[in-house]
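Peer 1: Below is a structure I'd like to ask you about.
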Amino acid sequence: MEKVTRIVWEVLQIEVADLEANLLNLGANSLDMVRIGNQLEKEFKSRPRIDELFRLQSVQALVDYYDRSQEPSSSDSPTNDDALLGNHSLLSSYTVILDPLEREKFKKSRPGVRRDLGEASSIVLTQPLLTEELRQKYLARSSYRKFSLKPIPFEKFSLFLSDLSQIEIEGQSKFLYGSPGGLNPTQVYLHVKPGRIADVPVGTYYYHPETHQLVLLTSNVDIDRNIHIPFINTPMFDECAFSIFFVADLDAVGPSYGERGIHFVTLEAGIMAHQLELSGPQYDIGLCQVGSITFDGIRPWFKLKDTHILIHSTLGGYIDPSRSSKPDVANTSGQSLEKMATELLQRIESLSPDDTQALLDAYRAKEQP
Ligand SMILES: Cc1cc2nc3c(=O)[nH]c(=O)nc-3n(C[C@H](O)[C@H](O)[C@H](O)COP(=O)(O)O)c2cc1C
């Protein structure tokens, strides 16, 4: 108690008689609170996280914090991080449904919607009119799992990626998506297959958001389809033109947010994927987010540090405007191999002789050392 009081007095240069008094009301600003945190850390060898510190607004609250932190089996309400850790163990306790039919049944039951609130009073909101415009808005944001084998025109691909670029507006850098603390710790990496994006050779790239450039990392490498979940995602990978990997650099988020950083970069990667998914179709580019891949085998191609972690990924390709670009309603896992092969053959047959030649040339060029 005395140590905490002394630190607060020293930093604020006032004697705080009332231990419950709100320090902010006594004139403390965020910098003062940070200084208090620094001094407390020197004294007690530990400190509250910055968001916790800002909530500990009285000497008493700070004292209580250190009292609590000395009791390992404290029964106080859990912090957000404790809750997250608790959720991890809860999640790992579920038996994952493997049978595709059972999975479908589970999905159809719409388990994410609450059905236990029938007795509660509710306010009926105005329904939007189901106009053609609204239908199109819903359809525009869709997952695409089948792609044309024609090369994506360079300009279309460039404009598609520009949705992740940073621009300057009145001296301020601006992105089309929100980012924790404006740090943009989630980076974008790509793998491009041979001949599938005009003027972009096969290889891995880092997308530079400031210069809107693809920085070549490793040329002439092909991704093994087995990094994807068999049956569910491998057919889609076979057809895609490129893969996008959202990789967070923990060095770019940890110093501001500590453990919560992982939660924040996960959200950021999701928002970035959504942004691309929304804008892709206007450039005839479709995407499908892919939650699980085995990244370790291909990791060296991206020249990453130990602090880089893969958060999320998407597969993408050309949705040929000349054929129906209707999005697929479900993934291909339920389709027979025969149907998939027939469809793929149709797509190969739809290529012009020039497109076929270009694709073959790109593969041959890749095979030559
Ligand atoms: C985090 C996340 C992971 C996903 N992983 C996969 C996946 O591995 N394979 C797949 O086919 N679709 C995947 N999807 C796409 C969903 O299946 C799809 O969004 C959902 O079925 C709704 O369909 P729609 O996007 O066409 O509206 C993923 C979506 C999200 C947000």
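Just so we're on the same page: first chain in the structure tokens is A, next is B, and so on; residues restart at 1 for each chain, and ligands are numbered from 1 in the order they show up.
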At a cut-off of 10 Å around ligand 1, and using only C-alpha atoms and all ligand atoms, what residues come up? Please write them as number ranges by chain.
Peer 2: A: 107, 138-145, 228-229, 231-237, 266-267, 269-271, 273-274, 277, 287-293, 311-315, 327-333
Peer 1: Please run DSSP on the backbone and report, as a JSON list (two decimals) with N, CA and C atoms, in the first residue's frame, all residues within stretch 78-285 of chain A that come out as strand (DSSP E).
Peer 2:
```json
[["chain", "number", "residue", "atom", "x", "y", "z"],
["A", 167, "ILE", "N", -2.81, 4.43, -49.00],
["A", 167, "ILE", "CA", -2.66, 5.67, -49.77],
["A", 167, "ILE", "C", -2.57, 6.83, -48.79],
["A", 168, "GLU", "N", -2.10, 7.95, -49.29],
["A", 168, "GLU", "CA", -1.98, 9.15, -48.45],
["A", 168, "GLU", "C", -3.15, 10.07, -48.76],
["A", 169, "ILE", "N", -3.87, 10.46, -47.73],
["A", 169, "ILE", "CA", -4.93, 11.46, -47.92],
["A", 169, "ILE", "C", -4.67, 12.57, -46.91],
["A", 172, "GLN", "N", -2.21, 11.90, -44.29],
["A", 172, "GLN", "CA", -2.49, 10.76, -43.41],
["A", 172, "GLN", "C", -2.46, 9.49, -44.24],
["A", 173, "SER", "N", -1.82, 8.43, -43.72],
["A", 173, "SER", "CA", -1.89, 7.17, -44.46],
["A", 173, "SER", "C", -3.23, 6.51, -44.14],
["A", 174, "LYS", "N", -3.79, 5.90, -45.17],
["A", 174, "LYS", "CA", -5.15, 5.35, -45.03],
["A", 174, "LYS", "C", -5.24, 3.99, -45.70],
["A", 186, "THR", "N", -0.50, -7.42, -39.93],
["A", 186, "THR", "CA", -0.78, -8.58, -40.78],
["A", 186, "THR", "C", -0.32, -8.28, -42.19],
["A", 187, "GLN", "N", 0.62, -9.09, -42.67],
["A", 187, "GLN", "CA", 1.23, -8.87, -43.98],
["A", 187, "GLN", "C", 0.62, -9.82, -45.01],
["A", 188, "VAL", "N", 0.80, -9.48, -46.27],
["A", 188, "VAL", "CA", 0.19, -10.27, -47.34],
["A", 188, "VAL", "C", 1.28, -10.90, -48.21],
["A", 189, "TYR", "N", 1.19, -12.21, -48.35],
["A", 189, "TYR", "CA", 2.14, -12.95, -49.19],
["A", 189, "TYR", "C", 1.33, -13.72, -50.22],
["A", 190, "LEU", "N", 1.95, -13.95, -51.36],
["A", 190, "LEU", "CA", 1.23, -14.67, -52.41],
["A", 190, "LEU", "C", 2.09, -15.77, -53.01],
["A", 191, "HIS", "N", 1.40, -16.78, -53.49],
["A", 191, "HIS", "CA", 2.03, -17.72, -54.40],
["A", 191, "HIS", "C", 1.24, -17.68, -55.70],
["A", 192, "VAL", "N", 1.96, -17.54, -56.82],
["A", 192, "VAL", "CA", 1.30, -17.46, -58.12],
["A", 192, "VAL", "C", 1.71, -18.69, -58.93],
["A", 203, "GLY", "N", 5.94, -18.16, -58.53],
["A", 203, "GLY", "CA", 6.82, -17.92, -57.38],
["A", 203, "GLY", "C", 6.05, -17.36, -56.21],
["A", 204, "THR", "N", 6.81, -17.02, -55.17],
["A", 204, "THR", "CA", 6.19, -16.42, -53.99],
["A", 204, "THR", "C", 6.57, -14.94, -53.93],
["A", 205, "TYR", "N", 5.68, -14.16, -53.40],
["A", 205, "TYR", "CA", 5.86, -12.70, -53.38],
["A", 205, "TYR", "C", 5.37, -12.14, -52.05],
["A", 206, "TYR", "N", 5.97, -11.00, -51.69],
["A", 206, "TYR", "CA", 5.45, -10.18, -50.58],
["A", 206, "TYR", "C", 4.75, -9.00, -51.23],
["A", 207, "TYR", "N", 3.53, -8.71, -50.79],
["A", 207, "TYR", "CA", 2.84, -7.54, -51.31],
["A", 207, "TYR", "C", 3.20, -6.33, -50.46],
["A", 208, "HIS", "N", 3.84, -5.35, -51.10],
["A", 208, "HIS", "CA", 4.28, -4.16, -50.36],
["A", 208, "HIS", "C", 3.14, -3.12, -50.37],
["A", 213, "GLN", "N", 3.64, -2.99, -54.75],
["A", 213, "GLN", "CA", 4.51, -3.83, -55.59],
["A", 213, "GLN", "C", 4.49, -5.25, -55.08],
["A", 214, "LEU", "N", 4.72, -6.19, -55.99],
["A", 214, "LEU", "CA", 4.92, -7.57, -55.58],
["A", 214, "LEU", "C", 6.43, -7.79, -55.51],
["A", 215, "VAL", "N", 6.92, -8.07, -54.33],
["A", 215, "VAL", "CA", 8.37, -8.25, -54.14],
["A", 215, "VAL", "C", 8.64, -9.75, -54.24],
["A", 216, "LEU", "N", 9.46, -10.14, -55.21],
["A", 216, "LEU", "CA", 9.73, -11.57, -55.43],
["A", 216, "LEU", "C", 10.54, -12.14, -54.27],
["A", 217, "LEU", "N", 10.06, -13.26, -53.72],
["A", 217, "LEU", "CA", 10.78, -13.90, -52.62],
["A", 217, "LEU", "C", 11.47, -15.17, -53.10],
["A", 218, "THR", "N", 10.72, -16.06, -53.75],
["A", 218, "THR", "CA", 11.32, -17.29, -54.28],
["A", 218, "THR", "C", 10.68, -17.56, -55.63],
["A", 219, "SER", "N", 11.52, -17.70, -56.66],
["A", 219, "SER", "CA", 10.92, -17.92, -57.99],
["A", 219, "SER", "C", 10.85, -19.42, -58.26],
["A", 242, "PHE", "N", -3.88, -18.53, -57.76],
["A", 242, "PHE", "CA", -2.94, -17.98, -56.76],
["A", 242, "PHE", "C", -3.45, -18.28, -55.36],
["A", 243, "SER", "N", -2.53, -18.21, -54.41],
["A", 243, "SER", "CA", -2.88, -18.34, -53.00],
["A", 243, "SER", "C", -2.44, -17.06, -52.31],
["A", 244, "ILE", "N", -3.24, -16.63, -51.36],
["A", 244, "ILE", "CA", -2.84, -15.47, -50.56],
["A", 244, "ILE", "C", -2.69, -15.94, -49.12],
["A", 245, "PHE", "N", -1.59, -15.53, -48.50],
["A", 245, "PHE", "CA", -1.35, -15.91, -47.10],
["A", 245, "PHE", "C", -1.30, -14.64, -46.27],
["A", 246, "PHE", "N", -2.11, -14.60, -45.23],
["A", 246, "PHE", "CA", -2.09, -13.47, -44.31],
["A", 246, "PHE", "C", -1.21, -13.89, -43.13],
["A", 247, "VAL", "N", -0.07, -13.24, -43.03],
["A", 247, "VAL", "CA", 0.94, -13.63, -42.04],
["A", 247, "VAL", "C", 1.19, -12.43, -41.12],
["A", 248, "ALA", "N", 1.06, -12.66, -39.82],
["A", 248, "ALA", "CA", 1.26, -11.53, -38.90],
["A", 248, "ALA", "C", 2.69, -11.55, -38.36],
["A", 249, "ASP", "N", 3.26, -10.38, -38.25],
["A", 249, "ASP", "CA", 4.56, -10.26, -37.59],
["A", 249, "ASP", "C", 4.29, -9.85, -36.14],
["A", 285, "ILE", "N", -12.33, -11.63, -60.37],
["A", 285, "ILE", "CA", -11.48, -12.50, -59.54],
["A", 285, "ILE", "C", -12.33, -13.01, -58.37]]
```
Peer 1: So that I can see what lies close to A:Ile50, please list as number ranges by chain the residues with an atom at most 8 Å from it, counting only C-alpha atoms and leaving out residues fewer than 3 positions away in the same chain.
Peer 2: A: 34, 53-54, 257
Peer 1: Could the residues in this selection be saved with C-alpha atoms as a JSON list (two decimals), in the first residue's frame?
Peer 2:
```json
[["chain", "number", "residue", "atom", "x", "y", "z"],
["A", 34, "VAL", "CA", 2.07, 5.04, -18.03],
["A", 53, "LEU", "CA", -3.65, -0.03, -16.07],
["A", 54, "PHE", "CA", -5.96, 2.59, -17.55],
["A", 257, "TYR", "CA", -0.93, -5.33, -27.17]]
```
Peer 1: Looking only at the backbone, which of the residues in stretch 76-256 of chain A does DSSP tag as alpha helix (DSSP H), as number ranges by chain?
Peer 2: A: 80-92, 100-108, 132-140, 154-161, 234-239, 254-256
Peer 1: Emit the selected residues as a compact mmCIF listing (two decimals), in the first residue's frame, including N, CA and C atoms.
Peer 2:
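As a result, out-v4.txt now contains:
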```
# COMPACT_ATOMS: atom_id res chain seq x y z
N ASN A 80 -10.18 -10.81 -19.97
CA ASN A 80 -10.51 -11.25 -21.32
C ASN A 80 -9.57 -12.36 -21.78
N ASP A 81 -8.26 -12.20 -21.44
CA ASP A 81 -7.30 -13.22 -21.88
C ASP A 81 -7.55 -14.55 -21.18
N ASP A 82 -7.88 -14.47 -19.87
CA ASP A 82 -8.19 -15.72 -19.16
C ASP A 82 -9.36 -16.40 -19.84
N ALA A 83 -10.35 -15.57 -20.22
CA ALA A 83 -11.53 -16.14 -20.87
C ALA A 83 -11.13 -16.80 -22.18
N LEU A 84 -10.22 -16.15 -22.90
CA LEU A 84 -9.79 -16.75 -24.18
C LEU A 84 -9.11 -18.09 -23.95
N LEU A 85 -8.23 -18.13 -22.94
CA LEU A 85 -7.53 -19.39 -22.65
C LEU A 85 -8.52 -20.46 -22.25
N GLY A 86 -9.52 -20.07 -21.43
CA GLY A 86 -10.57 -21.00 -21.02
C GLY A 86 -11.30 -21.55 -22.23
N ASN A 87 -11.58 -20.65 -23.20
CA ASN A 87 -12.28 -21.09 -24.41
C ASN A 87 -11.46 -22.09 -25.21
N HIS A 88 -10.13 -21.91 -25.18
CA HIS A 88 -9.30 -22.86 -25.91
C HIS A 88 -9.49 -24.26 -25.36
N SER A 89 -9.51 -24.36 -24.01
CA SER A 89 -9.65 -25.72 -23.49
C SER A 89 -11.07 -26.24 -23.71
N LEU A 90 -12.05 -25.33 -23.71
CA LEU A 90 -13.42 -25.76 -24.00
C LEU A 90 -13.49 -26.29 -25.43
N LEU A 91 -12.91 -25.53 -26.37
CA LEU A 91 -12.97 -25.94 -27.77
C LEU A 91 -12.30 -27.29 -27.99
N SER A 92 -11.16 -27.50 -27.30
CA SER A 92 -10.47 -28.77 -27.54
C SER A 92 -11.21 -29.94 -26.90
N PRO A 100 -19.30 -36.30 -43.34
CA PRO A 100 -19.80 -35.14 -44.10
C PRO A 100 -21.30 -34.93 -43.96
N LEU A 101 -22.06 -36.03 -43.90
CA LEU A 101 -23.52 -35.88 -43.79
C LEU A 101 -23.90 -35.30 -42.43
N GLU A 102 -23.20 -35.78 -41.40
CA GLU A 102 -23.46 -35.27 -40.06
C GLU A 102 -23.06 -33.79 -39.96
N ARG A 103 -21.98 -33.45 -40.63
CA ARG A 103 -21.52 -32.05 -40.62
C ARG A 103 -22.57 -31.15 -41.27
N GLU A 104 -23.12 -31.66 -42.38
CA GLU A 104 -24.13 -30.90 -43.11
C GLU A 104 -25.38 -30.71 -42.23
N LYS A 105 -25.73 -31.80 -41.53
CA LYS A 105 -26.89 -31.74 -40.64
C LYS A 105 -26.67 -30.68 -39.54
N PHE A 106 -25.46 -30.69 -39.02
CA PHE A 106 -25.10 -29.72 -37.97
C PHE A 106 -25.21 -28.29 -38.52
N LYS A 107 -24.69 -28.10 -39.75
CA LYS A 107 -24.75 -26.77 -40.37
C LYS A 107 -26.20 -26.33 -40.59
N LYS A 108 -27.02 -27.28 -41.08
CA LYS A 108 -28.42 -26.94 -41.39
C LYS A 108 -29.20 -26.58 -40.13
N GLU A 132 -33.76 -6.62 -56.71
CA GLU A 132 -32.68 -7.24 -57.47
C GLU A 132 -31.33 -6.72 -56.98
N GLU A 133 -31.31 -5.41 -56.63
CA GLU A 133 -30.07 -4.79 -56.15
C GLU A 133 -29.58 -5.48 -54.87
N LEU A 134 -30.55 -5.76 -53.98
CA LEU A 134 -30.18 -6.40 -52.72
C LEU A 134 -29.68 -7.84 -52.97
N ARG A 135 -30.40 -8.51 -53.86
CA ARG A 135 -29.96 -9.88 -54.20
C ARG A 135 -28.53 -9.85 -54.72
N GLN A 136 -28.26 -8.90 -55.60
CA GLN A 136 -26.92 -8.80 -56.19
C GLN A 136 -25.87 -8.48 -55.13
N LYS A 137 -26.28 -7.65 -54.16
CA LYS A 137 -25.35 -7.29 -53.09
C LYS A 137 -24.94 -8.55 -52.30
N TYR A 138 -25.94 -9.37 -52.02
CA TYR A 138 -25.65 -10.62 -51.29
C TYR A 138 -24.81 -11.57 -52.13
N LEU A 139 -25.18 -11.65 -53.43
CA LEU A 139 -24.44 -12.59 -54.29
C LEU A 139 -23.02 -12.13 -54.55
N ALA A 140 -22.84 -10.80 -54.56
CA ALA A 140 -21.52 -10.27 -54.90
C ALA A 140 -20.46 -10.75 -53.91
N PHE A 154 -3.18 -8.61 -66.19
CA PHE A 154 -2.31 -7.96 -65.20
C PHE A 154 -3.01 -6.78 -64.53
N GLU A 155 -3.70 -5.98 -65.34
CA GLU A 155 -4.31 -4.78 -64.76
C GLU A 155 -5.41 -5.15 -63.76
N LYS A 156 -6.18 -6.16 -64.12
CA LYS A 156 -7.26 -6.57 -63.20
C LYS A 156 -6.67 -7.05 -61.87
N PHE A 157 -5.59 -7.83 -61.98
CA PHE A 157 -4.99 -8.35 -60.76
C PHE A 157 -4.40 -7.20 -59.92
N SER A 158 -3.77 -6.25 -60.61
CA SER A 158 -3.17 -5.11 -59.89
C SER A 158 -4.24 -4.32 -59.15
N LEU A 159 -5.35 -4.07 -59.83
CA LEU A 159 -6.41 -3.27 -59.19
C LEU A 159 -7.05 -4.04 -58.04
N PHE A 160 -7.18 -5.34 -58.22
CA PHE A 160 -7.73 -6.19 -57.15
C PHE A 160 -6.87 -6.07 -55.88
N LEU A 161 -5.54 -6.19 -56.05
CA LEU A 161 -4.67 -6.11 -54.86
C LEU A 161 -4.60 -4.71 -54.28
N THR A 234 -8.42 -29.65 -51.63
CA THR A 234 -7.45 -29.93 -52.72
C THR A 234 -8.04 -29.69 -54.12
N PRO A 235 -9.34 -30.06 -54.38
CA PRO A 235 -9.84 -29.81 -55.75
C PRO A 235 -9.84 -28.32 -56.09
N MET A 236 -10.17 -27.52 -55.12
CA MET A 236 -10.20 -26.07 -55.34
C MET A 236 -8.78 -25.54 -55.56
N PHE A 237 -7.83 -26.08 -54.80
CA PHE A 237 -6.43 -25.66 -54.98
C PHE A 237 -5.94 -26.01 -56.38
N ASP A 238 -6.33 -27.20 -56.87
CA ASP A 238 -5.86 -27.64 -58.19
C ASP A 238 -6.22 -26.63 -59.27
N GLU A 239 -7.36 -25.98 -59.10
CA GLU A 239 -7.83 -25.06 -60.13
C GLU A 239 -7.41 -23.61 -59.92
N GLY A 254 3.01 -7.17 -30.76
CA GLY A 254 3.28 -7.52 -29.36
C GLY A 254 3.61 -6.32 -28.49
N PRO A 255 4.51 -5.42 -28.96
CA PRO A 255 4.88 -4.30 -28.09
C PRO A 255 3.70 -3.40 -27.73
N SER A 256 2.64 -3.42 -28.52
CA SER A 256 1.48 -2.58 -28.17
C SER A 256 0.41 -3.35 -27.41
```
Peer 1: Rank A:Gln346, A:Lys150, A:Ser179, A:Asp296 by their smallest atom-to-atom distance to A:Asp284, using only C-alpha atoms, and report the top residue only.
Peer 2: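 Looking at the shortest contact to A:Asp284, the residue is A:Lys150.
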Peer 1: Name the residues in contact with A:Pro153 at a cut-off of 9 Å, using only C-alpha atoms, excluding same-chain residues fewer than 5 positions from it; report them as a PyMOL selection string.
Peer 2: chain A and resi 158+196-199+318
Peer 1: Can you measure atom CA of A:Ile227 to atom CA of A:Leu278 for me? One decimal in Å is fine.
Peer 2: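 These atoms are spaced 25.9 Å apart.
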Peer 1: Could you work out how far atom CA of A:Arg225 lies from atom CA of A:Pro353, giving the answer in Å with one decimal?
Peer 2: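 Here the two named atoms are 26.8 Å from each other.
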